[in-house]
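Shown next: coords27.cif, given as mmCIF, C-alpha atoms.
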data_protein
#
loop_
_atom_site.label_atom_id
_atom_site.label_comp_id
_atom_site.auth_asym_id
_atom_site.auth_seq_id
_atom_site.Cartn_x
_atom_site.Cartn_y
_atom_site.Cartn_z
CA MET R 191 32.13 90.55 15.71
CA ALA R 192 34.15 87.86 13.91
CA LEU R 193 33.74 86.63 10.38
CA ALA R 194 34.98 83.51 8.59
CA PRO R 195 35.46 83.68 4.81
CA ALA R 196 34.45 80.05 4.21
CA SER R 197 31.91 77.72 5.74
CA ILE R 198 33.47 76.66 9.06
CA PRO R 199 37.13 77.63 9.35
CA PRO R 200 38.55 79.41 12.40
CA PRO R 201 37.02 82.88 12.70
CA VAL R 202 38.85 85.96 11.54
CA THR R 203 38.51 88.96 13.81
CA GLY R 204 39.07 92.64 13.26
CA GLY R 205 37.95 95.09 10.61
CA PRO R 206 34.48 96.31 9.72
CA VAL R 207 31.94 93.86 8.33
CA SER R 208 29.56 95.07 5.64
CA ALA R 209 25.86 94.40 5.81
CA ARG R 210 26.06 92.72 2.39
CA THR R 211 28.28 90.00 3.88
CA TYR R 212 25.37 88.89 6.05
CA LEU R 213 22.62 89.23 3.41
CA LEU R 214 22.77 85.68 1.99
CA PRO R 215 23.14 83.83 5.31
CA PHE R 216 20.41 85.90 6.92
CA SER R 217 18.09 85.30 3.93
CA LEU R 218 18.64 81.54 4.17
CA VAL R 219 17.99 81.60 7.91
CA VAL R 220 14.75 83.51 7.27
CA GLY R 221 13.69 80.64 4.99
CA VAL R 222 14.38 78.16 7.78
CA PHE R 223 12.20 80.20 10.14
CA PHE R 224 9.37 79.98 7.59
CA LEU R 225 9.71 76.21 7.19
CA TRP R 226 9.59 75.36 10.88
CA GLY R 227 6.66 77.75 11.20
CA MET R 228 4.89 75.62 8.59
CA ALA R 229 5.51 72.47 10.63
CA HIS R 230 4.11 73.91 13.86
CA SER R 231 1.15 75.57 12.16
CA LEU R 232 0.17 72.39 10.34
CA ASP R 233 0.04 70.70 13.75
CA SER R 234 -2.95 72.93 14.55
CA ILE R 235 -4.72 71.36 11.56
CA LEU R 236 -3.44 67.86 12.30
CA ILE R 237 -4.77 67.74 15.86
CA PRO R 238 -8.50 68.04 15.06
CA HIS R 239 -8.00 66.11 11.82
CA LEU R 240 -6.31 63.12 13.44
CA GLN R 241 -8.80 63.30 16.30
CA LYS R 242 -11.44 62.61 13.67
CA ALA R 243 -9.49 60.13 11.52
CA CYS R 244 -8.17 58.09 14.47
CA GLN R 245 -11.20 58.59 16.76
CA LEU R 246 -9.45 60.26 19.71
CA ASN R 247 -10.57 62.23 22.78
CA ASN R 248 -9.17 65.70 23.59
CA LEU R 249 -6.35 64.41 25.79
CA GLN R 250 -5.26 61.79 23.24
CA SER R 251 -5.26 64.35 20.43
CA THR R 252 -2.80 66.56 22.32
CA LEU R 253 -0.18 63.80 22.05
CA VAL R 254 0.59 65.41 18.68
CA ASP R 255 1.99 68.35 20.63
CA THR R 256 3.61 66.09 23.19
CA SER R 257 5.48 64.15 20.50
CA VAL R 258 6.86 67.27 18.85
CA PHE R 259 7.76 69.22 21.96
CA LEU R 260 9.07 66.27 23.95
CA ALA R 261 11.63 66.02 21.16
CA TYR R 262 12.68 69.58 21.97
CA PHE R 263 13.40 68.57 25.54
CA LEU R 264 15.27 65.38 24.69
CA MET R 265 17.15 66.75 21.69
CA ALA R 266 18.14 70.20 23.00
CA ILE R 267 21.39 69.07 24.68
CA PRO R 268 22.53 66.90 21.72
CA ALA R 269 21.63 69.76 19.38
CA GLY R 270 23.73 72.14 21.46
CA ILE R 271 26.65 69.71 21.31
CA LEU R 272 26.25 69.43 17.53
CA LEU R 273 26.16 73.20 17.22
CA LYS R 274 29.35 73.59 19.25
CA ARG R 275 31.20 70.94 17.23
CA LEU R 276 29.83 71.49 13.72
CA GLY R 277 28.93 75.16 13.71
CA TYR R 278 25.77 76.83 12.48
CA LYS R 279 25.77 75.67 8.83
CA PHE R 280 26.04 71.91 9.21
CA THR R 281 23.82 71.83 12.28
CA ILE R 282 21.10 73.51 10.23
CA ILE R 283 21.58 71.00 7.40
CA LEU R 284 21.19 68.05 9.80
CA GLY R 285 18.05 69.62 11.22
CA LEU R 286 16.55 70.06 7.75
CA LEU R 287 17.22 66.43 6.82
CA ALA R 288 15.71 65.06 10.05
CA PHE R 289 12.69 67.31 9.51
CA ALA R 290 12.31 65.92 5.97
CA GLY R 291 12.60 62.32 7.16
CA GLY R 292 9.74 62.79 9.60
CA ALA R 293 7.61 64.42 6.90
CA PHE R 294 8.10 61.47 4.52
CA LEU R 295 7.14 59.04 7.31
CA PHE R 296 3.60 60.48 7.15
CA VAL R 297 2.99 58.36 4.04
CA PRO R 298 3.19 54.91 5.72
CA ALA R 299 1.48 56.34 8.82
CA ALA R 300 -1.49 57.44 6.72
CA ASP R 301 -1.57 54.17 4.77
CA ALA R 302 -1.77 52.21 8.03
CA ARG R 303 -3.96 54.84 9.77
CA SER R 304 -1.64 54.31 12.71
CA TYR R 305 -1.73 57.07 15.30
CA GLY R 306 1.41 55.63 16.90
CA LEU R 307 3.30 55.92 13.60
CA PHE R 308 2.03 59.48 13.15
CA LEU R 309 3.37 60.31 16.60
CA THR R 310 6.72 58.72 15.72
CA ALA R 311 6.93 60.84 12.56
CA LEU R 312 6.09 63.95 14.55
CA PHE R 313 8.76 63.11 17.14
CA ILE R 314 11.36 62.87 14.36
CA ILE R 315 10.13 66.19 12.96
CA GLY R 316 10.47 67.63 16.47
CA CYS R 317 14.09 66.44 16.64
CA GLY R 318 14.79 68.21 13.35
CA LEU R 319 13.05 71.38 14.51
CA THR R 320 15.03 71.38 17.76
CA THR R 321 18.29 71.17 15.85
CA LEU R 322 17.19 73.95 13.50
CA GLU R 323 16.07 76.29 16.25
CA THR R 324 19.14 75.70 18.39
CA ALA R 325 21.28 76.92 15.49
CA ALA R 326 19.07 79.38 13.61
CA ASN R 327 17.90 81.55 16.52
CA PRO R 328 21.38 82.53 17.75
CA TYR R 329 22.68 82.67 14.16
CA ALA R 330 20.06 85.26 13.27
CA ALA R 331 20.95 87.15 16.45
CA VAL R 332 24.69 87.35 15.70
CA LEU R 333 24.47 88.12 11.96
CA GLY R 334 24.93 91.84 12.48
CA PRO R 335 25.47 94.49 15.14
CA PRO R 336 24.71 93.25 18.67
CA GLU R 337 22.61 96.30 19.51
CA SER R 338 20.06 95.30 16.84
CA ALA R 339 19.97 91.58 17.70
CA THR R 340 16.42 91.71 19.14
CA SER R 341 15.03 93.52 16.10
CA ARG R 342 16.87 91.17 13.73
CA LEU R 343 15.55 88.10 15.52
CA ASN R 344 12.02 89.50 15.43
CA LEU R 345 12.39 90.25 11.71
CA ALA R 346 13.43 86.66 10.99
CA ALA R 347 10.64 85.39 13.20
CA SER R 348 8.17 87.51 11.22
CA PHE R 349 8.54 84.98 8.41
CA ASN R 350 7.79 82.27 10.93
CA GLY R 351 4.61 84.29 11.44
CA LEU R 352 3.98 84.26 7.67
CA ALA R 353 3.89 80.47 7.87
CA VAL R 354 1.30 80.70 10.64
CA PHE R 355 -0.94 82.43 8.08
CA VAL R 356 -0.13 80.23 5.08
CA ALA R 357 -0.24 76.79 6.72
CA PRO R 358 -3.90 76.88 7.87
CA ILE R 359 -5.02 77.85 4.35
CA ILE R 360 -3.10 74.91 2.90
CA GLY R 361 -4.37 72.61 5.64
CA ALA R 362 -7.99 73.73 5.31
CA ASN R 363 -7.94 73.06 1.56
CA LEU R 364 -5.76 69.95 1.33
CA ILE R 365 -6.27 68.19 4.67
CA LEU R 366 -9.65 69.12 6.17
CA SER R 367 -12.51 67.55 4.22
CA GLY R 368 -15.41 69.34 5.91
CA LYS R 369 -17.13 65.96 6.34
CA GLU R 370 -17.97 65.46 9.98
CA TYR R 371 -20.07 62.78 11.68
CA THR R 372 -21.08 62.35 15.27
CA LYS R 373 -20.09 59.23 17.19
CA ALA R 374 -23.64 57.95 16.83
CA GLN R 375 -23.60 58.47 13.07
CA LEU R 376 -20.29 56.68 12.72
CA ALA R 377 -21.51 53.81 14.86
CA ALA R 378 -24.57 53.45 12.63
CA MET R 379 -22.50 53.16 9.44
CA PRO R 380 -21.66 49.76 7.92
CA ASP R 381 -18.11 48.77 8.84
CA ALA R 382 -16.83 49.00 5.26
CA ILE R 383 -18.19 52.53 4.71
CA ARG R 384 -16.89 53.76 8.07
CA THR R 385 -13.44 52.31 7.41
CA THR R 386 -13.33 53.84 3.93
CA TYR R 387 -14.27 57.25 5.34
CA LEU R 388 -11.64 57.12 8.08
CA ASN R 389 -8.93 55.88 5.70
CA HIS R 390 -9.75 58.69 3.27
CA GLU R 391 -9.43 61.24 6.08
CA ALA R 392 -6.04 59.83 7.11
CA ALA R 393 -4.76 59.80 3.52
CA ALA R 394 -5.39 63.55 3.12
CA VAL R 395 -2.14 64.36 4.92
CA LYS R 396 0.15 62.55 2.47
CA LEU R 397 0.48 65.09 -0.35
CA PRO R 398 1.20 68.16 1.85
CA TYR R 399 3.91 66.32 3.79
CA ILE R 400 5.52 64.79 0.68
CA VAL R 401 5.82 68.29 -0.80
CA LEU R 402 7.12 69.69 2.48
CA GLY R 403 9.75 66.94 2.72
CA GLY R 404 10.91 67.61 -0.83
CA VAL R 405 11.29 71.34 -0.17
CA LEU R 406 13.31 70.62 2.98
CA VAL R 407 15.75 68.40 1.09
CA ALA R 408 16.16 71.10 -1.57
CA VAL R 409 16.88 73.76 1.07
CA ALA R 410 19.42 71.47 2.76
CA VAL R 411 21.23 71.10 -0.58
CA LEU R 412 21.20 74.89 -1.00
CA PHE R 413 22.76 75.32 2.44
CA PHE R 414 25.41 72.72 1.66
CA PHE R 415 26.63 74.52 -1.44
CA SER R 416 26.47 78.02 0.07
CA LYS R 417 29.48 79.65 1.75
CA LEU R 418 28.26 80.94 5.09
CA PRO R 419 30.23 82.77 7.82
CA GLU R 420 30.61 81.06 11.18
CA VAL R 421 30.14 84.20 13.28
CA ARG R 422 31.29 84.29 16.89
CA ALA R 423 30.37 86.92 19.45
CA ALA R 424 33.94 88.12 20.00
CA GLU R 425 32.83 91.42 21.54
CA ALA R 426 30.38 89.90 24.03
CA GLU R 427 30.98 89.52 27.73
CA PRO R 428 33.47 86.74 28.53
CA SER R 429 32.30 83.42 29.88
CA GLU R 430 33.11 82.49 33.46
CA GLY R 431 32.48 78.79 33.18
CA GLY R 432 31.06 77.64 29.85
CA GLY R 433 29.49 74.40 31.16
CA PHE R 434 25.98 73.44 30.10
CA PHE R 435 24.57 73.65 33.63
CA ALA R 436 26.95 76.38 34.75
CA VAL R 437 25.33 78.74 32.26
CA LEU R 438 22.31 78.91 34.57
CA LYS R 439 24.37 81.14 36.84
CA HIS R 440 23.00 83.90 34.61
CA ARG R 441 19.84 84.81 36.51
CA HIS R 442 18.15 86.42 33.53
CA LEU R 443 18.72 83.28 31.43
CA THR R 444 17.08 81.10 34.08
CA TRP R 445 14.11 83.45 34.14
CA ALA R 446 13.97 83.37 30.34
CA VAL R 447 13.95 79.56 30.29
CA VAL R 448 10.93 79.55 32.64
CA ALA R 449 9.16 82.29 30.67
CA GLN R 450 9.79 80.49 27.37
CA PHE R 451 8.41 77.26 28.85
CA PHE R 452 5.13 78.97 29.68
CA TYR R 453 5.03 81.02 26.48
CA VAL R 454 5.33 77.99 24.22
CA GLY R 455 2.80 76.14 26.36
CA ALA R 456 0.37 79.04 25.95
CA GLN R 457 0.84 79.38 22.20
CA VAL R 458 0.46 75.66 21.57
CA CYS R 459 -2.67 75.52 23.74
CA VAL R 460 -4.26 78.42 21.87
CA THR R 461 -3.52 77.07 18.39
CA SER R 462 -4.12 73.38 19.14
CA PHE R 463 -7.66 74.00 20.35
CA PHE R 464 -8.43 76.92 18.01
CA ILE R 465 -10.51 74.97 15.48
CA ARG R 466 -12.54 73.18 18.14
CA MET R 467 -12.97 76.48 20.01
CA ALA R 468 -14.26 78.18 16.86
CA LYS R 469 -16.65 75.29 16.19
CA GLN R 470 -17.97 75.28 19.75
CA GLY R 471 -17.91 79.01 20.49
CA ALA R 472 -19.05 80.39 17.11
CA GLY R 473 -20.84 77.37 15.65
CA VAL R 474 -18.81 77.18 12.41
CA ASP R 475 -17.75 74.05 10.54
CA GLU R 476 -14.17 72.79 10.50
CA LYS R 477 -13.24 74.33 7.14
CA MET R 478 -14.45 77.79 8.17
CA ALA R 479 -12.65 77.33 11.49
CA GLY R 480 -9.51 76.55 9.50
CA TYR R 481 -9.86 79.86 7.64
CA TYR R 482 -10.34 81.67 10.96
CA LEU R 483 -7.10 80.02 12.05
CA ALA R 484 -5.46 81.54 8.97
CA VAL R 485 -6.73 84.98 10.04
CA TYR R 486 -5.21 84.30 13.45
CA GLY R 487 -1.96 83.53 11.65
CA LEU R 488 -2.23 86.73 9.61
CA LEU R 489 -2.62 88.75 12.81
CA PHE R 490 0.35 86.86 14.27
CA MET R 491 2.44 87.79 11.24
CA VAL R 492 1.30 91.44 11.24
CA GLY R 493 2.02 91.56 14.96
CA ARG R 494 5.60 90.42 14.32
CA PHE R 495 6.24 93.22 11.81
CA ILE R 496 4.54 95.87 13.94
CA GLY R 497 6.28 94.60 17.05
CA THR R 498 9.65 94.75 15.28
CA ALA R 499 8.96 98.38 14.41
CA LEU R 500 7.78 99.23 17.94
CA LEU R 501 10.97 97.78 19.42
CA LYS R 502 12.83 100.75 17.94
CA TYR R 503 10.90 103.03 20.31
CA ILE R 504 9.86 100.83 23.24
CA ALA R 505 12.22 98.74 25.37
CA SER R 506 11.75 95.05 24.55
CA GLN R 507 10.99 94.01 28.14
CA ARG R 508 8.39 96.80 28.45
CA LEU R 509 6.64 95.85 25.21
CA LEU R 510 6.68 92.20 26.29
CA SER R 511 4.98 93.14 29.58
CA ILE R 512 2.29 95.21 27.84
CA TYR R 513 1.53 92.38 25.42
CA ALA R 514 1.31 89.86 28.27
CA VAL R 515 -1.28 91.98 30.10
CA VAL R 516 -3.41 92.30 26.95
CA ALA R 517 -3.12 88.56 26.29
CA MET R 518 -4.42 87.79 29.79
CA ALA R 519 -7.42 90.05 29.17
CA LEU R 520 -8.14 88.37 25.82
CA CYS R 521 -8.00 84.95 27.49
CA ALA R 522 -10.63 86.14 29.93
CA VAL R 523 -12.87 87.10 26.99
CA ALA R 524 -12.30 83.67 25.42
CA VAL R 525 -13.25 81.91 28.67
CA PHE R 526 -16.30 83.96 29.61
CA GLY R 527 -17.47 85.37 26.25
CA ASP R 528 -19.58 83.77 23.55
CA GLY R 529 -20.20 83.89 19.82
CA ALA R 530 -18.06 86.10 17.61
CA TYR R 531 -16.37 87.70 20.64
CA VAL R 532 -14.55 84.42 21.26
CA ILE R 533 -13.17 84.44 17.70
CA TYR R 534 -12.10 88.07 18.06
CA ALA R 535 -10.31 87.26 21.30
CA LEU R 536 -8.45 84.33 19.75
CA GLY R 537 -7.39 86.48 16.80
CA GLY R 538 -6.16 89.14 19.20
CA LEU R 539 -4.08 86.54 21.01
CA GLY R 540 -2.29 85.86 17.73
CA PHE R 541 -1.32 89.52 17.43
CA PHE R 542 -0.18 89.96 21.02
CA MET R 543 1.74 86.67 21.24
CA SER R 544 3.65 87.49 18.07
CA ILE R 545 6.80 89.01 19.57
CA MET R 546 6.96 86.93 22.73
CA PHE R 547 9.19 84.04 21.67
CA PRO R 548 11.95 86.01 19.91
CA THR R 549 11.86 88.76 22.54
CA ILE R 550 12.21 86.31 25.44
CA PHE R 551 14.95 84.52 23.51
CA ALA R 552 16.92 87.69 22.81
CA LEU R 553 16.57 88.94 26.40
CA GLY R 554 17.65 85.53 27.66
CA ILE R 555 20.90 85.33 25.67
CA ALA R 556 21.81 89.01 26.16
CA GLY R 557 25.34 89.39 27.56
CA LEU R 558 26.10 85.65 27.61
CA GLY R 559 29.19 85.88 25.42
CA ASP R 560 30.70 82.40 24.97
CA ASP R 561 27.76 80.99 26.92
CA THR R 562 25.38 81.96 24.10
CA LYS R 563 25.30 78.49 22.51
CA PRO R 564 24.55 76.50 25.71
CA GLY R 565 22.14 79.27 26.72
CA SER R 566 20.39 78.85 23.39
CA SER R 567 20.09 75.10 24.05
CA TRP R 568 18.39 75.79 27.38
CA LEU R 569 15.94 78.18 25.74
CA VAL R 570 15.13 75.65 23.04
CA MET R 571 14.81 72.87 25.63
CA SER R 572 12.27 75.01 27.48
CA ILE R 573 9.98 74.56 24.49
CA VAL R 574 8.96 71.32 26.22
CA GLY R 575 6.22 73.52 27.69
CA GLY R 576 4.42 72.77 24.43
CA ALA R 577 4.40 69.09 25.39
CA ILE R 578 3.08 69.62 28.91
CA MET R 579 0.51 72.42 28.81
CA PRO R 580 -1.79 71.07 26.04
CA PRO R 581 -2.39 67.72 27.81
CA LEU R 582 -3.22 69.69 30.97
CA MET R 583 -5.65 71.76 28.94
CA GLY R 584 -7.11 68.67 27.24
CA THR R 585 -7.59 66.98 30.61
CA LEU R 586 -9.35 70.05 32.01
CA ILE R 587 -11.62 70.19 28.95
CA ASP R 588 -12.51 66.49 29.18
CA LEU R 589 -13.19 66.80 32.92
CA ARG R 590 -15.54 69.73 32.26
CA GLY R 591 -17.65 67.84 29.74
CA ASP R 592 -15.81 68.87 26.56
CA ASN R 593 -16.00 72.56 27.50
CA ILE R 594 -13.22 74.02 25.32
CA GLN R 595 -13.57 77.55 26.70
CA ILE R 596 -12.72 76.70 30.28
CA GLY R 597 -9.44 75.24 29.06
CA TYR R 598 -8.21 78.71 28.12
CA LEU R 599 -7.56 79.38 31.80
CA ILE R 600 -4.31 77.46 31.24
CA PRO R 601 -2.76 79.95 28.78
CA MET R 602 -4.01 82.82 30.96
CA VAL R 603 -1.77 81.59 33.80
CA CYS R 604 1.11 81.24 31.33
CA TYR R 605 0.86 84.91 30.33
CA LEU R 606 1.10 85.89 33.99
CA VAL R 607 4.52 84.22 34.20
CA ILE R 608 5.62 86.06 31.06
CA LEU R 609 4.51 89.33 32.63
CA LEU R 610 6.68 88.65 35.67
CA PHE R 611 9.68 87.99 33.40
CA GLY R 612 9.07 91.23 31.51
CA MET R 613 8.83 93.20 34.75
CA TYR R 614 11.60 91.61 36.85
CA GLY R 615 13.33 88.59 35.36
CA TYR R 616 15.03 90.09 32.31
CA ARG R 617 17.71 92.03 34.25
CA VAL R 618 21.32 91.11 33.47
CA LYS R 619 23.52 91.13 36.59
CA GLY R 620 21.48 93.82 38.26
CA ARG R 621 21.36 96.20 35.31
CA LEU R 622 18.79 96.80 32.57
CA VAL R 623 19.22 95.12 29.18
#

Could you render the structure from this file as structure tokens?
Amino acid sequence: MALAPASIPPPVTGGPVSARTYLLPFSLVVGVFFLWGMAHSLDSILIPHLQKACQLNNLQSTLVDTSVFLAYFLMAIPAGILLKRLGYKFTIILGLLAFAGGAFLFVPAADARSYGLFLTALFIIGCGLTTLETAANPYAAVLGPPESATSRLNLAASFNGLAVFVAPIIGANLILSGKEYTKAQLAAMPDAIRTTYLNHEAAAVKLPYIVLGGVLVAVAVLFFFSKLPEVRAAEAEPSEGGGFFAVLKHRHLTWAVVAQFFYVGAQVCVTSFFIRMAKQGAGVDEKMAGYYLAVYGLLFMVGRFIGTALLKYIASQRLLSIYAVVAMALCAVAVFGDGAYVIYALGGLGFFMSIMFPTIFALGIAGLGDDTKPGSSWLVMSIVGGAIMPPLMGTLIDLRGDNIQIGYLIPMVCYLVILLFGMYGYRVKGRLV
């Protein structure tokens, strides 16, 4: 492992590196994981909220996901280039600032109650998140001994899970009003009253996103004035080509890209339709559904910590396979069950999805050496699954008469692909990771 004494000078190799050297950079990266977790988790509140404020159907509402995750696809290669040229520190700073810019754009979007402007803001946020994840995931993986990279990445991602718990509570209290009207009731309202109601709903997003944007700028300033090591994987396997497309010669990376595509698609489907699923399946109002979403996030966070501990005793690919099987079973309960059992199944999905992203990521970049950075870009680009799967799910739901439950067949198929990766696709050049 190599260490640089300043922000981005040439690396210095040789000699032992103390754990204390990595404490500050790893702590800052953990904060970044939390912040992008907040962004994604607030999307789960935004989707039903904007569906109400902007009067959208299920398919239209999923364009929130499409805007964010399409940015991952389009920005992944530029983010990888930035990472290679600027290093981890300044790539993370650029990502934070783009993220903040998109958050501030929510103010004019809410004032105009323009769904198109909301989607533009979310796309910019997605560009910032792509840049952050392209840098922060591999940075967390290399800030320490290579043999503990998977555990370290899961530990950092546990704070991403903390955001999955915190964000729905914030959203339920600051964004969701609890005031819901049917289409017939809205149509019967005088135009002025209906417009006032819809404008008030749209305006609820302004304060949370102004605060979020301010925090992001502050964190970017903290990164700028901190001296962080630009670590390079000097002891990893050497690269044979180093090109962006050539990196796909690593069979296990290609498998990981596919598995990550379906994992992100599954997670976004589950969370995006969670509130509507709770309302339809358990008969609760939107605020209570928002609190159930927070419980889902709590289970997601607990699952990250427990999963990190289990990885000390169970091989990561084996634990991933076990969790995928359980997730498929829980999806079946969500599709065919009713009442409280549906809520229990959705909460269980939070727990058993918790380790999937960081585990797939770590297995995918294992043994890549100098190909780690372009490999990371491919894995981040695969997050476009979050742009594609939710519209498929929304279309299926609309075709089946607004039946939210039947839509959960989509994530069930996604977990099957993850199972295949955990059983076969993770192997590096014919040997076990």

Next on the checklist: Which residues are near Thr562 (chain R)? Cut-off 9 Å, all atoms listed in the file, ignore same chain within fewer than 4 positions. Put them as a PyMOL selection string.
Outcome noted: chain R and resi 328+423+437+555-558+566-567

Item to check | Nearest-residue call for Tyr598 (chain R), choices R:Cys244, R:Val460, R:Leu402, R:Leu483, using only C-alpha atoms | outcome: R:Val460

Item to check | Given only C-alpha atoms as the counted atoms, nearest of R:Pro581, R:Phe547, R:Gln375, R:Gly597 to Phe526 (chain R) | outcome: R:Gly597

Checklist entry - Can you list, as a ChimeraX atom specification, every protein, DNA or RNA residue that comes within 8 Å of Val448 (chain R) when you count only C-alpha atoms, leaving out same-chain residues fewer than 4 positions away? => result /R:444,452,572

Checklist entry - What separation in Å, quoted to one decimal, exists between CA of Ser217 (chain R) and CA of Tyr503 (chain R)? => result 25.2 Å

Checklist entry - Applied to this file, what does the PyMOL selection byres ((chain R and resi 339) around 12) return in terms of residues, put as number ranges by chain? => result R: 327-338, 340-346, 423, 498, 501-502, 506, 548-549, 551-557

Would you mind exporting the chosen residues as a short mmCIF file (atom, residue, chain, number, x, y, z; two decimals), in the frame of the given file, restricted to C-alpha atoms?
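As written to disk, again-v4.cif reads:
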data_model
loop_
_atom_site.label_atom_id
_atom_site.label_comp_id
_atom_site.auth_asym_id
_atom_site.auth_seq_id
_atom_site.Cartn_x
_atom_site.Cartn_y
_atom_site.Cartn_z
CA ASN R 327 17.90 81.55 16.52
CA PRO R 328 21.38 82.53 17.75
CA TYR R 329 22.68 82.67 14.16
CA ALA R 330 20.06 85.26 13.27
CA ALA R 331 20.95 87.15 16.45
CA VAL R 332 24.69 87.35 15.70
CA LEU R 333 24.47 88.12 11.96
CA GLY R 334 24.93 91.84 12.48
CA PRO R 335 25.47 94.49 15.14
CA PRO R 336 24.71 93.25 18.67
CA GLU R 337 22.61 96.30 19.51
CA SER R 338 20.06 95.30 16.84
CA THR R 340 16.42 91.71 19.14
CA SER R 341 15.03 93.52 16.10
CA ARG R 342 16.87 91.17 13.73
CA LEU R 343 15.55 88.10 15.52
CA ASN R 344 12.02 89.50 15.43
CA LEU R 345 12.39 90.25 11.71
CA ALA R 346 13.43 86.66 10.99
CA ALA R 423 30.37 86.92 19.45
CA THR R 498 9.65 94.75 15.28
CA LEU R 501 10.97 97.78 19.42
CA LYS R 502 12.83 100.75 17.94
CA SER R 506 11.75 95.05 24.55
CA PRO R 548 11.95 86.01 19.91
CA THR R 549 11.86 88.76 22.54
CA PHE R 551 14.95 84.52 23.51
CA ALA R 552 16.92 87.69 22.81
CA LEU R 553 16.57 88.94 26.40
CA GLY R 554 17.65 85.53 27.66
CA ILE R 555 20.90 85.33 25.67
CA ALA R 556 21.81 89.01 26.16
CA GLY R 557 25.34 89.39 27.56
#

Checklist entry - For the file shown, what are the residues hit by the PyMOL selection byres ((chain R and resi 252) around 9), laid out as number ranges by chain? => result R: 237, 247-251, 253-257, 462, 577, 580-581, 583-584

Next on the checklist: Here's the selection I'm unsure about, the PyMOL selection byres ((chain R and resi 407-410) around 8); applied to the file above, which residues does it give, as a PyMOL selection string?
Outcome noted: chain R and resi 282-283+286-287+290+403-406+411-414

Item to check | One-decimal distance in Å that lies between CA of Pro358 (chain R) and CA of Ile400 (chain R) | outcome: 16.9 Å

Next on the checklist: Just to confirm, what's the straight-line distance from CA of Lys563 (chain R) to CA of Phe451 (chain R) in Å (one decimal)?
Outcome noted: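 These two atoms are separated by 18.1 Å.
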
Checklist entry - Which residues, written as a list in words, have at least one atom at most 8 Å from Asn389 (chain R), with all atoms listed in the file counted and residues fewer than 4 positions away on the same chain left out? => result Ala243, Ala300, Asp301, Arg303, Thr385 and Ala393 of chain R

Item to check | Distance query 10 Å from (8.0, 94.7, 29.8) using only C-alpha atoms, result as a VMD selection string | outcome: chain R and resid 504 to 515 608 to 616

Once N, CA, C and O atoms are restored for region 305-314 of chain R, what would the output be as a PDB file, in the frame of the given file?
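Saved the output as selection.pdb:
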ATOM      1  N   TYR R 305      -2.005  55.869  14.529  1.00  0.00           N
ATOM      2  CA  TYR R 305      -1.730  57.070  15.300  1.00  0.00           C
ATOM      3  C   TYR R 305      -0.333  57.004  15.927  1.00  0.00           C
ATOM      4  O   TYR R 305       0.379  58.007  15.995  1.00  0.00           O
ATOM      5  N   GLY R 306       0.074  55.797  16.342  1.00  0.00           N
ATOM      6  CA  GLY R 306       1.410  55.630  16.900  1.00  0.00           C
ATOM      7  C   GLY R 306       2.497  55.986  15.904  1.00  0.00           C
ATOM      8  O   GLY R 306       3.506  56.615  16.252  1.00  0.00           O
ATOM      9  N   LEU R 307       2.312  55.599  14.628  1.00  0.00           N
ATOM     10  CA  LEU R 307       3.300  55.920  13.600  1.00  0.00           C
ATOM     11  C   LEU R 307       3.286  57.419  13.283  1.00  0.00           C
ATOM     12  O   LEU R 307       4.339  58.015  13.019  1.00  0.00           O
ATOM     13  N   PHE R 308       2.098  58.024  13.299  1.00  0.00           N
ATOM     14  CA  PHE R 308       2.030  59.480  13.150  1.00  0.00           C
ATOM     15  C   PHE R 308       2.826  60.174  14.250  1.00  0.00           C
ATOM     16  O   PHE R 308       3.567  61.129  13.997  1.00  0.00           O
ATOM     17  N   LEU R 309       2.658  59.702  15.477  1.00  0.00           N
ATOM     18  CA  LEU R 309       3.370  60.310  16.600  1.00  0.00           C
ATOM     19  C   LEU R 309       4.881  60.113  16.465  1.00  0.00           C
ATOM     20  O   LEU R 309       5.661  61.013  16.816  1.00  0.00           O
ATOM     21  N   THR R 310       5.295  58.956  15.950  1.00  0.00           N
ATOM     22  CA  THR R 310       6.720  58.720  15.720  1.00  0.00           C
ATOM     23  C   THR R 310       7.267  59.701  14.685  1.00  0.00           C
ATOM     24  O   THR R 310       8.352  60.284  14.858  1.00  0.00           O
ATOM     25  N   ALA R 311       6.515  59.893  13.600  1.00  0.00           N
ATOM     26  CA  ALA R 311       6.930  60.840  12.560  1.00  0.00           C
ATOM     27  C   ALA R 311       7.030  62.249  13.129  1.00  0.00           C
ATOM     28  O   ALA R 311       7.976  62.992  12.829  1.00  0.00           O
ATOM     29  N   LEU R 312       6.082  62.616  13.956  1.00  0.00           N
ATOM     30  CA  LEU R 312       6.090  63.950  14.550  1.00  0.00           C
ATOM     31  C   LEU R 312       7.243  64.119  15.533  1.00  0.00           C
ATOM     32  O   LEU R 312       7.815  65.204  15.640  1.00  0.00           O
ATOM     33  N   PHE R 313       7.597  63.045  16.236  1.00  0.00           N
ATOM     34  CA  PHE R 313       8.760  63.110  17.140  1.00  0.00           C
ATOM     35  C   PHE R 313      10.039  63.356  16.339  1.00  0.00           C
ATOM     36  O   PHE R 313      10.890  64.163  16.739  1.00  0.00           O
ATOM     37  N   ILE R 314      10.177  62.672  15.207  1.00  0.00           N
ATOM     38  CA  ILE R 314      11.360  62.870  14.360  1.00  0.00           C
ATOM     39  C   ILE R 314      11.381  64.296  13.820  1.00  0.00           C
ATOM     40  O   ILE R 314      12.440  64.947  13.784  1.00  0.00           O
TER      41      ILE R 314
END
